[in-house]
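A.B. asks: What follows is the file start_12.txt, containing compact mmCIF, C-alpha atoms:
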```txt
# COMPACT_ATOMS: atom_id res chain seq x y z
CA MET I 411 -114.78 -215.55 29.35
CA LYS I 412 -111.56 -216.09 27.40
CA ASN I 413 -110.83 -219.38 29.16
CA PHE I 414 -114.48 -220.35 28.75
CA PHE I 415 -114.33 -220.39 24.92
CA ALA I 416 -110.58 -220.56 24.34
CA THR I 417 -107.49 -221.26 26.37
CA PRO I 418 -103.85 -220.23 25.80
CA THR I 419 -101.64 -222.69 23.93
CA ASP I 420 -97.99 -222.71 22.91
CA GLU I 421 -98.64 -224.70 19.72
CA TRP I 422 -98.37 -221.56 17.56
CA GLY I 423 -96.07 -219.63 19.82
CA ASN I 424 -96.96 -216.72 22.09
CA ASN I 425 -100.49 -215.30 22.22
CA ALA I 426 -102.12 -218.23 20.42
CA VAL I 427 -105.26 -219.78 21.89
CA ARG I 428 -107.12 -223.04 21.33
CA LEU I 429 -110.87 -223.45 21.50
CA THR I 430 -112.18 -225.25 24.56
CA SER I 431 -114.89 -227.89 24.27
CA THR I 432 -117.42 -225.10 24.80
CA GLY I 433 -115.84 -223.07 22.03
CA ILE I 434 -115.90 -226.01 19.63
CA LEU I 435 -119.53 -226.66 20.51
CA THR I 436 -120.30 -223.01 19.79
CA ILE I 437 -118.74 -223.23 16.32
CA ILE I 438 -120.65 -226.44 15.61
CA ILE I 439 -123.87 -224.67 16.59
CA VAL I 440 -123.00 -221.87 14.17
CA ILE I 441 -122.49 -224.45 11.42
CA ILE I 442 -125.89 -225.98 12.21
CA ILE I 443 -127.49 -222.53 12.12
CA LEU I 444 -125.99 -221.95 8.68
CA ILE I 445 -127.49 -225.22 7.50
CA ILE I 446 -130.88 -224.30 8.99
CA ILE I 447 -130.76 -220.94 7.21
CA ALA I 448 -130.02 -222.77 3.97
CA LEU I 449 -132.90 -225.18 4.60
CA ALA I 450 -135.21 -222.27 5.37
CA SER I 451 -134.53 -220.96 1.88
CA ASN I 452 -136.80 -223.77 0.64
CA TYR I 453 -139.63 -221.46 1.55
CA SER I 454 -138.20 -218.58 -0.46
CA LYS I 455 -140.21 -217.43 -3.43
CA SER I 456 -137.00 -217.27 -5.46
CA LYS I 457 -136.34 -220.61 -7.12
CA SER I 458 -132.60 -219.93 -7.20
CA ARG I 459 -132.56 -219.73 -3.40
CA LYS I 460 -134.06 -223.17 -2.80
CA LEU I 461 -131.97 -225.93 -1.29
CA THR I 462 -133.38 -229.42 -1.86
CA THR I 463 -132.59 -232.71 -0.16
CA LYS I 464 -130.67 -233.78 -3.26
CA GLN I 465 -128.57 -230.63 -3.09
CA LEU I 466 -127.84 -231.31 0.56
CA VAL I 467 -126.70 -234.86 -0.22
CA PHE I 468 -124.42 -233.84 -3.07
CA SER I 469 -123.09 -230.89 -1.07
CA ALA I 470 -122.45 -233.08 1.99
CA VAL I 471 -120.53 -235.60 -0.15
CA ALA I 472 -118.47 -232.81 -1.71
CA ILE I 473 -117.66 -231.34 1.72
CA ALA I 474 -116.67 -234.77 3.03
CA LEU I 475 -114.39 -235.36 0.03
CA SER I 476 -112.88 -231.92 0.48
CA ILE I 477 -112.10 -232.56 4.15
CA ILE I 478 -110.54 -235.94 3.35
CA THR I 479 -108.41 -234.60 0.48
CA SER I 480 -107.37 -231.57 2.55
CA MET I 481 -105.65 -234.01 4.89
CA ILE I 482 -103.63 -235.44 1.99
CA LYS I 483 -100.94 -232.78 1.69
CA LEU I 484 -98.60 -232.94 -1.29
CA PHE I 485 -96.57 -230.08 0.16
CA GLU I 486 -96.90 -228.13 3.39
CA MET I 487 -95.67 -224.60 4.03
CA PRO I 488 -93.75 -223.89 7.26
CA MET I 489 -96.12 -221.17 8.52
CA GLY I 490 -99.42 -222.74 7.43
CA GLY I 491 -100.98 -223.45 4.07
CA SER I 492 -100.41 -226.48 1.88
CA VAL I 493 -100.85 -227.98 -1.56
CA THR I 494 -103.55 -230.60 -1.07
CA LEU I 495 -105.05 -233.32 -3.23
CA LEU I 496 -107.53 -231.01 -5.02
CA SER I 497 -109.46 -230.18 -1.84
CA MET I 498 -110.58 -226.74 -3.09
CA LEU I 499 -112.11 -228.29 -6.20
CA PHE I 500 -114.80 -230.18 -4.29
CA ILE I 501 -116.05 -227.00 -2.59
CA VAL I 502 -115.90 -225.10 -5.87
CA LEU I 503 -118.05 -227.83 -7.44
CA ILE I 504 -120.93 -227.03 -5.08
CA GLY I 505 -121.16 -223.49 -6.42
CA TYR I 506 -120.74 -224.83 -9.97
CA TRP I 507 -123.69 -227.14 -9.41
CA TYR I 508 -126.09 -224.89 -7.53
CA GLY I 509 -125.10 -221.26 -7.88
CA PRO I 510 -123.67 -218.59 -5.56
CA TYR I 511 -126.13 -218.77 -2.66
CA VAL I 512 -125.71 -222.48 -1.95
CA GLY I 513 -122.05 -222.33 -2.94
CA ILE I 514 -121.13 -219.55 -0.53
CA MET I 515 -123.24 -220.90 2.34
CA THR I 516 -121.68 -224.35 2.15
CA ALA I 517 -118.19 -222.92 1.62
CA ILE I 518 -118.51 -220.85 4.81
CA ALA I 519 -119.70 -223.94 6.69
CA TYR I 520 -116.71 -225.83 5.28
CA GLY I 521 -114.36 -223.10 6.47
CA LEU I 522 -115.74 -223.40 9.99
CA LEU I 523 -115.35 -227.18 9.82
CA GLN I 524 -111.71 -226.70 8.88
CA PHE I 525 -111.34 -224.45 11.91
CA VAL I 526 -112.89 -227.08 14.18
CA LEU I 527 -110.34 -229.62 12.92
CA GLU I 528 -107.51 -227.36 14.12
CA PRO I 529 -109.13 -224.81 16.46
CA ILE I 530 -106.06 -222.65 17.12
CA PHE I 531 -106.02 -218.92 16.43
CA TYR I 532 -104.64 -215.60 17.60
CA THR I 533 -107.62 -213.26 17.44
CA VAL I 534 -111.24 -213.50 16.32
CA PRO I 535 -110.68 -211.21 13.29
CA GLN I 536 -107.75 -213.42 12.22
CA MET I 537 -109.87 -216.55 12.60
CA LEU I 538 -112.74 -215.04 10.61
CA THR I 539 -110.41 -213.97 7.81
CA ASP I 540 -108.56 -217.28 7.58
CA TYR I 541 -111.56 -219.60 7.80
CA PRO I 542 -115.15 -218.54 7.01
CA LEU I 543 -114.10 -215.64 4.76
CA ALA I 544 -111.17 -217.30 2.96
CA PHE I 545 -112.90 -220.64 2.43
CA GLY I 546 -116.27 -218.98 1.93
CA ALA I 547 -114.78 -217.20 -1.08
CA LEU I 548 -114.58 -220.58 -2.82
CA GLY I 549 -118.35 -220.27 -3.22
CA ILE I 550 -117.74 -217.46 -5.72
CA SER I 551 -117.65 -220.23 -8.30
CA GLY I 552 -121.44 -220.17 -8.14
CA PHE I 553 -121.56 -216.93 -10.11
CA PHE I 554 -120.33 -218.88 -13.14
CA TYR I 555 -122.52 -221.96 -12.85
CA GLN I 556 -124.53 -221.14 -15.98
CA LYS I 557 -121.61 -219.77 -17.98
CA LYS I 558 -119.67 -221.45 -20.76
CA TYR I 559 -116.56 -223.06 -19.25
CA GLY I 560 -118.21 -222.25 -15.93
CA LEU I 561 -116.16 -224.67 -13.85
CA VAL I 562 -112.80 -223.39 -15.09
CA LYS I 563 -113.82 -219.74 -14.77
CA GLY I 564 -115.48 -220.35 -11.42
CA TYR I 565 -112.49 -222.24 -10.06
CA ILE I 566 -110.09 -219.46 -11.04
CA ALA I 567 -112.34 -216.80 -9.51
CA ALA I 568 -112.78 -218.87 -6.34
CA VAL I 569 -109.05 -219.39 -5.86
CA PHE I 570 -108.42 -215.68 -6.37
CA GLY I 571 -111.12 -215.00 -3.76
CA ARG I 572 -109.41 -217.25 -1.24
CA TYR I 573 -106.05 -215.79 -2.23
CA PHE I 574 -107.33 -212.28 -1.47
CA PHE I 575 -108.28 -213.16 2.10
CA ALA I 576 -105.11 -215.20 2.63
CA PHE I 577 -103.10 -212.19 1.42
CA LEU I 578 -105.10 -209.87 3.68
CA SER I 579 -104.50 -212.11 6.68
CA GLY I 580 -100.79 -212.27 5.92
CA VAL I 581 -100.48 -208.49 5.77
CA ILE I 582 -102.64 -207.70 8.80
CA PHE I 583 -101.95 -210.57 11.19
CA PHE I 584 -98.69 -212.23 10.12
CA ALA I 585 -96.57 -209.33 8.84
CA SER I 586 -93.99 -209.98 11.58
CA TYR I 587 -93.03 -213.25 9.85
CA ALA I 588 -91.87 -211.45 6.72
CA PRO I 589 -88.08 -211.38 6.21
CA GLU I 590 -86.44 -208.04 6.93
CA SER I 591 -85.43 -207.77 3.28
CA MET I 592 -89.01 -208.09 2.02
CA ALA I 593 -92.07 -205.90 2.56
CA ALA I 594 -94.98 -207.66 4.26
CA PRO I 595 -97.42 -207.29 1.31
CA ILE I 596 -94.88 -208.80 -1.12
CA TYR I 597 -94.11 -211.60 1.31
CA SER I 598 -97.81 -212.37 1.74
CA LEU I 599 -98.39 -212.32 -2.04
CA VAL I 600 -95.51 -214.71 -2.67
CA TYR I 601 -96.06 -216.97 0.33
CA ASN I 602 -99.81 -217.51 -0.17
CA GLY I 603 -99.55 -217.50 -3.94
CA SER I 604 -97.01 -220.31 -3.90
CA TYR I 605 -99.22 -223.01 -2.42
CA LEU I 606 -102.57 -221.76 -3.72
CA GLY I 607 -101.12 -221.23 -7.20
CA ALA I 608 -99.48 -224.65 -7.27
CA GLU I 609 -102.71 -226.44 -6.34
CA ALA I 610 -104.71 -224.31 -8.77
CA VAL I 611 -102.42 -225.14 -11.70
CA ILE I 612 -102.54 -228.87 -10.92
CA THR I 613 -106.34 -228.77 -10.62
CA LEU I 614 -106.89 -226.72 -13.79
CA ILE I 615 -104.73 -229.11 -15.81
CA LEU I 616 -106.70 -232.07 -14.46
CA ILE I 617 -110.21 -230.67 -15.01
CA SER I 618 -109.25 -229.52 -18.53
CA MET I 619 -108.47 -233.08 -19.61
CA PRO I 620 -111.33 -234.27 -21.88
CA PRO I 621 -112.22 -237.44 -19.90
CA VAL I 622 -112.29 -235.55 -16.58
CA SER I 623 -114.17 -232.60 -18.07
CA LYS I 624 -116.75 -234.95 -19.55
CA ALA I 625 -117.19 -236.79 -16.25
CA LEU I 626 -117.66 -233.55 -14.31
CA LYS I 627 -120.28 -232.36 -16.79
CA GLN I 628 -122.13 -235.66 -16.35
CA ILE I 629 -122.06 -235.26 -12.58
CA LYS I 630 -123.44 -231.73 -12.96
CA ARG I 631 -126.34 -233.14 -14.99
CA LEU I 632 -127.01 -235.68 -12.25
CA THR I 633 -127.10 -232.96 -9.59
CA SER I 634 -129.78 -231.04 -11.48
CA GLU I 635 -132.04 -233.95 -12.38
CA GLU I 636 -135.38 -234.09 -10.54
```
Once you've parsed the file, please lay out its structure as structure tokens.
C.D. replies:
Amino acid sequence: MKNFFATPTDEWGNNAVRLTSTGILTIIIVIIILIIIALASNYSKSKSRKLTTKQLVFSAVAIALSIITSMIKLFEMPMGGSVTLLSMLFIVLIGYWYGPYVGIMTAIAYGLLQFVLEPIFYTVPQMLTDYPLAFGALGISGFFYQKKYGLVKGYIAAVFGRYFFAFLSGVIFFASYAPESMAAPIYSLVYNGSYLGAEAVITLILISMPPVSKALKQIKRLTSEE
């Protein structure tokens, strides 16, 4: 069964595995199921749970932009993680536009897409922590979508959410990479905080600039127009 869904690889050293074509297809099916679940929410009695065609289009564009910008790495860490060209912002925007349900659902789907782009992992719990959970946390921004300064507050909360799971993964799955002079939790805090914090600061400075802030507010109005 292991070789059916994943096969050993030496790309990450010992004990790492890479998804087979069957494994990748399985993840893609899971992504499709997530989308179907989101579509099914159109029939929910709760208005906040509805996902319209317009939402799907804007969300798809945001996900596409996030994937493209995630490949533009301003700085890359030696053991994974990088400062990208604002890739987290585009996923955060989905929650900012449509609230936590749509935000979290699409963020989880995005995390799985990131995994499909580089389908290498050690264990299933590690994969779940580093991809659907860590990236899914970016959807936390949705809890601030009707708040004053909602994008800034939502972005900060979303990055902290991703940081939490990145820290957790570092402590549980990658503690052996910590230097002997540093405890694993401290190493994970510093290592993951360095690249996530750097990108967050750059993004917050950018979205706080009046022209950018005004443009993002205009886009939000467009996303909510009937």
A.B. asks: Considering only C-alpha atoms, return as a list in words whatever protein or nucleic-acid residues lie within 8 Å of region 613-622 of chain I, sequence-local ones (same chain, fewer than 4 positions apart) excluded.
C.D. replies: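 Skipping anything fewer than 4 positions along the chain leaves Leu496, Leu499, Val562, Glu609 and Leu626 of chain I.
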A.B. asks: Given only C-alpha atoms as the basis, pick out the residue of I:Tyr508, I:Phe415, I:Tyr597, I:Trp422 nearest to Ile530 (chain I).
C.D. replies: I:Trp422
A.B. asks: Centre and edge lengths of an axis-aligned box around all listed atoms of region 413-422 of chain I, with 5 Å added on each side, are to be given in Å to one decimal, as lines of an AutoDock Vina configuration file.
C.D. replies:
```
center_x = -106.2
center_y = -222.0
center_z = 23.4
size_x = 26.5
size_y = 15.3
size_z = 21.6
```
A.B. asks: Counting only C-alpha atoms, figure out which residue out of I:Ser469, I:Thr430, I:Ser551, I:Ser476 gets nearest to Gly505 (chain I).
C.D. replies: I:Ser551
A.B. asks: Using all atoms listed in the file, pick whichever of I:Phe575, I:Tyr506, I:Tyr601, I:Tyr541 has the shortest atom-to-atom distance to Lys558 (chain I).
C.D. replies: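 Checking each of I:Phe575, I:Tyr506, I:Tyr601, I:Tyr541 against Lys558 (chain I), counting all atoms listed in the file, the winner is I:Tyr506.
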A.B. asks: So which residues fall inside 7 Å of (-104.5, -235.8, -2.3) if we count only C-alpha atoms? Mind giving them as a PyMOL selection string?
C.D. replies: chain I and resi 479+482-484+494-496
A.B. asks: Which residue is closest to Gly513 (chain I)? Choose from I:Phe468, I:Phe583, I:Tyr532, I:Phe485 and count only C-alpha atoms.
C.D. replies: I:Phe468
A.B. asks: What is the CA of Val534 (chain I)-CA of Ile582 (chain I) distance in Å, reported with one decimal?
C.D. replies: 12.8 Å
A.B. asks: In Å, rounded to a single decimal, give me how far CA of Tyr511 (chain I) is from CA of Ala608 (chain I).
C.D. replies: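 Distance reported for this atom pair: 27.7 Å.
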A.B. asks: Quick one: of I:Gly491, I:Pro418, I:Gly509, I:Pro535, who's nearest to Gly603 (chain I), counting all atoms listed in the file?
C.D. replies: I:Gly491
A.B. asks: Give as JSON, numbers by chain every residue, naming chains and numbers as the document does, that has an atom within 12 Å of (-94.2, -211.0, 5.7), counting all atoms listed in the file.
C.D. replies: {"I": [489, 577, 578, 579, 580, 581, 582, 583, 584, 585, 586, 587, 588, 589, 590, 591, 592, 593, 594, 595, 596, 597, 598, 599, 600, 601, 602]}
A.B. asks: What is the distance, in Å and to one decimal place, between CA of Ile550 (chain I) and CA of Val526 (chain I)?
C.D. replies: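 Value for the CA of Ile550 (chain I)-CA of Val526 (chain I) distance: 22.6 Å.
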A.B. asks: Compare I:Leu522, I:Ile629, I:Pro529, I:Tyr573 by their minimum atom-to-atom distance to Ile439 (chain I), counting only C-alpha atoms, and give me the closest one.
C.D. replies: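 Among I:Leu522, I:Ile629, I:Pro529, I:Tyr573, it is I:Leu522 that comes nearest to Ile439 (chain I).
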